[in-house]
Structure formats: C-alpha cells, structure tokens
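K.L.:
Supplied in structure tokens, the structure appears directly below.
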Amino acid sequence: MDRRRYLQALGVGGALSLTGCLGGSDGSSAAIADQTLTVAAATTVNDSGLLGDLSAGFEDAFGTTVRAVVRGTSAALRTARDGNCDVVFVHARPLEDEFLRAGYGVNRRAVMVNDFLVVGPSDNPAGAAGSDPLAAFRAIAASDATFLSRGDRSGTHVRERRLWDEAGVEPTGNWYRETGQGMGATLIAAGETGAYTLVDRGTFLNTETGLAAHVARGLDDPPDLLRNEYAVIPTNPARHDVAYALAMAFVGYLTGPGQGRIEAFRVDGERAFRPLARSEEPEFDQYVPSDWAP
C-alpha cells in the first residue's frame with residue numbers, strides 16, 4: 001500500500017474507532033458496510049464458541065462480514081505476516097512481541113483473559129490434582145500416564161513448554177505425545193485416550209470429554225503461569241494492502257461494546273472469559289513489545 005492510501009486508511013480507521021464503534025453516526029459505519037474482514041484467530045477463541053458470538057455482534061453493528069481463519073497463534077501470526085488477513089486475535093505474548101517488533105502488526109490491544117487448566121482422567125492416575133501446575137507436571141512426568149501436547153507452537157503450546165521448563169522437566173519418551181492439532185481436537189483425543197493435557201478454560205467448558213480439571217485456579221486472579229491473555233492486533237497497512245479501517249473498527253468493537261458480550265458469555269452457565277479493555281488506568285505499554293523501552 002502506498003503512503004497516501006495508508007494515511008487515508010489511518011484517518012478513516014481513527015474516526016471509526018471513536019464514532020462508529022461506540023455507536024456513532026450512520027455515516028461512519030456506512031464507510032465499511034458490506035466489506036469483509038478476515039480475522040486470523042486462535043483455535044481456543046473459536047473452540048470456546050466466543051469467536052462466533054463476537055463476530056455476529058460486529059457484523060450486526062457494522063453491516064459487514066467476518067471471515068475467520070482459525071489456527072494456532074503462531075500460524076495465525078504467519079497469516080498476517082504473509083498479508084492474508086486484516087487482523088489477528090491471539091494469545092501468546094512472546095510470539096506477539098516478535099510480530100510487533102518485526103513491524104508486521106500495529107496497535108495491539110488487550111481484550112480479555114481466562115486461565116489454563118491441567119486436565120486429565122477423573123481417577124487422576126498421576127496424582128496431579130492441586131493448586132500448583134508445576135507440581136502437577138512433575139507428577140505426570142514421573143508416572144506412567146500419557147500427556148498430549150498440541151505441538152503446534154500455538155499459545156497453549158508455548159505456555160505448556162514454559163511450564164515444563166519451569167518444572168525442570170524435559171518431556172520425552174512414549175508418555176509424551178504431540179497431536180499437531182487445535183485445542184478442541186487435542187482435548188477430544190485426550191478424553192478418548194485417558195491422557196492429561198493443558199487447555200484453556202473456554203475450550204474445556206465447551207467440549208464434552210469426561211476429563212476432570214485437576215489444576216484450575218479461576219478467572220478472577222489466575223497466577224502468572226496460568227494467566228491466559230488474549231489480544232487483537234491489526235496487520236500493518238504499511239506492509240500489506242489490508243482492510244485497515246475495518247480492522248480498526250474491529251479493535252474498537254472488541255475493546256468497546258464487545259466487552260459486554262465477553263462479560264455475558266457463558267458455557268453451560270459458567271464464565272469462560274473476563275474482559276480486560278475497560279480500565280480507569282490504561283496500560284499504554286500494551287501497544288509495543290513487552291520488553292521494549294524508550
């Protein structure tokens with residue numbers, strides 16, 4: 001995209017984020033009506049059922065169409081790097097930082113948070129139940145129980161590898177298996193084989209497996225090791241010819257009216273996510289890589 005078109009898109013996007021996304025004039029919404037927004041979203045957002053709910057709300061508000069490309073966070077970010085989506089909705093800050101630092105994404109905004117759970121057979125053969133995820137991982141490694149990893153460099157896989165590292169365990173051997181699949185498929189496979197796995201709360205609540213949550217610290221204040229933050233990042237329009245104005249409208253929706261939908265979202269009556277964007281003290285460092293310093 002040439003500089004003039006980029007500046008024009010930036011101007012329209014800014015107007016939409018302040019007016020159309022917050023219930024402004026019909027004229028601002030009309031500027032993006034009938035367009036299609038391509039969102040590369042983490043499988044956990046989709047498998048929980050939330051992506052469809054938020055997409056429907058955005059489509060109703062702006063008269064647009066949302067096309068979802070559902071894949072693990074690493075693959076979602078690659079989709080944006082290649083210019084094949086307008087915005088990403090992901091949950092792996094280390095990978096997001098690489099993406100931002102390389103200049104492929106702009107205007108990152110935190111949207112919501114939930115927690116990771118260590119789940120497994122209800123009879124818990126590894127004795128992994130408790131409040132400490134590192135102790136649970138050590139117990140699984142020391143037993144004959146099977147652990148299923150996504151093995152796909154998704155947000156969940158990145159966190160899983162961090163947990164093994166901090167537990168002081170190198171997961172190798174027949175007990176540790178990689179599925180190469182999304183969260184829902186991996187969780188179903190764990191249920192069918194009686195294996196343990198790491199999963200986000202939303203997908204766990206929305207998937208029938210017969211597995212039990214053996215480490216589950218809750219949504220309100222999960223410890224750092226289990227905290228699962230989701231962010232939305234538009235693809236940089238200086239790198240690719242993308243629907244930047246529409247992407248910024250989506251950012252505005254997720255961090256504005258969409259926060260109410262996230263708060264109200266339930267799976268069988270249980271909360272699956274907690275909205276993050278509404279704050280009296282905005283965290284401006286969320287826009288840049290977490291290790292960035294002026």
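Here's how to read the names in the structure tokens: chain A, B, ... by the order shown, residue numbers from 1 in each chain, ligand numbers from 1 in the order shown.
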Can you list, as a ChimeraX atom specification, every residue of stretch 13-248 of chain A that DSSP puts in helix (DSSP H, G or I)?
P.N.:
/A:13-18,20-22,26-30,43-47,50-62,73-81,93-101,133-142,155-167,183-193,201-205,244-248
K.L.:
Give me a file of those residues, with C-alpha atoms, as a tab-separated table (two decimals), in the first residue's frame.
P.N.:
```
chain	number	residue	atom	x	y	z
A	13	GLY	CA	-9.78	3.95	11.00
A	14	GLY	CA	-9.27	6.56	13.72
A	15	ALA	CA	-12.67	8.07	13.06
A	16	LEU	CA	-14.36	4.69	13.21
A	17	SER	CA	-12.72	3.76	16.47
A	18	LEU	CA	-14.09	6.92	18.07
A	20	GLY	CA	-18.86	4.03	14.66
A	21	CYS	CA	-17.52	1.52	17.19
A	22	LEU	CA	-19.03	3.49	20.04
A	26	ASP	CA	-24.58	6.02	10.46
A	27	GLY	CA	-22.17	7.68	8.02
A	28	SER	CA	-19.08	6.33	9.76
A	29	SER	CA	-20.47	2.80	9.78
A	30	ALA	CA	-21.52	3.10	6.13
A	43	THR	CA	-8.34	-22.05	17.85
A	44	THR	CA	-9.20	-21.52	21.52
A	45	VAL	CA	-11.26	-18.41	20.72
A	46	ASN	CA	-13.19	-20.44	18.17
A	47	ASP	CA	-13.46	-23.74	20.05
A	50	LEU	CA	-16.81	-16.96	21.70
A	51	LEU	CA	-15.49	-16.06	18.24
A	52	GLY	CA	-18.85	-16.74	16.62
A	53	ASP	CA	-20.64	-14.67	19.26
A	54	LEU	CA	-18.32	-11.68	18.86
A	55	SER	CA	-18.31	-11.92	15.07
A	56	ALA	CA	-22.11	-11.88	14.98
A	57	GLY	CA	-22.18	-8.77	17.16
A	58	PHE	CA	-19.66	-6.99	14.95
A	59	GLU	CA	-21.49	-7.93	11.77
A	60	ASP	CA	-24.78	-6.66	13.18
A	61	ALA	CA	-23.21	-3.39	14.33
A	62	PHE	CA	-21.45	-2.56	11.06
A	73	THR	CA	-1.36	-18.42	17.36
A	74	SER	CA	1.94	-18.97	15.53
A	75	ALA	CA	0.13	-19.87	12.31
A	76	ALA	CA	-2.33	-17.00	12.77
A	77	LEU	CA	0.55	-14.54	13.03
A	78	ARG	CA	2.15	-16.09	9.95
A	79	THR	CA	-1.10	-15.48	8.09
A	80	ALA	CA	-0.78	-11.77	8.92
A	81	ARG	CA	2.93	-11.70	8.05
A	93	ARG	CA	2.64	-12.57	24.21
A	94	PRO	CA	6.18	-13.80	23.32
A	95	LEU	CA	5.05	-14.52	19.74
A	96	GLU	CA	3.06	-11.29	19.59
A	97	ASP	CA	6.18	-9.39	20.65
A	98	GLU	CA	8.17	-10.91	17.77
A	99	PHE	CA	5.36	-9.95	15.40
A	100	LEU	CA	5.20	-6.35	16.65
A	101	ARG	CA	8.97	-5.94	16.79
A	133	PRO	CA	0.76	-26.52	37.93
A	134	LEU	CA	4.48	-27.26	38.20
A	135	ALA	CA	3.89	-29.98	40.78
A	136	ALA	CA	1.17	-31.41	38.53
A	137	PHE	CA	3.51	-31.52	35.53
A	138	ARG	CA	6.24	-33.21	37.60
A	139	ALA	CA	3.74	-35.80	38.84
A	140	ILE	CA	2.60	-36.58	35.30
A	141	ALA	CA	6.19	-36.96	34.08
A	142	ALA	CA	7.04	-39.27	36.97
A	155	GLY	CA	-0.43	-20.02	22.51
A	156	THR	CA	-1.29	-23.09	24.56
A	157	HIS	CA	1.78	-24.99	23.34
A	158	VAL	CA	4.06	-22.02	24.13
A	159	ARG	CA	2.68	-21.93	27.68
A	160	GLU	CA	2.95	-25.69	28.06
A	161	ARG	CA	6.64	-25.58	27.12
A	162	ARG	CA	7.18	-22.82	29.67
A	163	LEU	CA	5.57	-24.96	32.36
A	164	TRP	CA	7.81	-27.94	31.57
A	165	ASP	CA	10.85	-25.68	31.61
A	166	GLU	CA	9.99	-24.13	34.96
A	167	ALA	CA	9.14	-27.57	36.35
A	183	MET	CA	-7.25	-27.25	21.09
A	184	GLY	CA	-10.64	-28.85	20.65
A	185	ALA	CA	-9.26	-31.81	18.69
A	186	THR	CA	-6.42	-32.32	21.18
A	187	LEU	CA	-8.83	-32.20	24.12
A	188	ILE	CA	-11.12	-34.77	22.50
A	189	ALA	CA	-8.11	-37.02	21.82
A	190	ALA	CA	-7.08	-36.73	25.47
A	191	GLY	CA	-10.55	-37.77	26.55
A	192	GLU	CA	-10.57	-40.75	24.19
A	193	THR	CA	-7.14	-42.00	25.33
A	201	ARG	CA	-10.98	-22.74	30.31
A	202	GLY	CA	-13.25	-21.76	27.41
A	203	THR	CA	-12.50	-24.79	25.26
A	204	PHE	CA	-12.68	-27.12	28.25
A	205	LEU	CA	-16.14	-25.88	29.19
A	244	TYR	CA	-7.08	-1.43	7.93
A	245	ALA	CA	-10.10	0.80	8.59
A	246	LEU	CA	-12.26	-2.29	9.05
A	247	ALA	CA	-9.62	-3.91	11.27
A	248	MET	CA	-9.53	-0.82	13.50
```
K.L.:
Based on DSSP run over this structure's backbone, return all residues of stretch 47-182 of chain A in strand (DSSP E or B), as a list in words.
P.N.:
Thr65, Val66, Arg67, Ala68, Val69, Val70, Val87, Val88, Phe89, Val90, Gly105, Arg109, Ala110, Val111, Met112, Val113, Asn114, Asp115, Phe116, Leu117, Val118, Val119, Gly120, Phe147, Leu148, Ser149, Tyr176, Arg177 and Glu178 of chain A
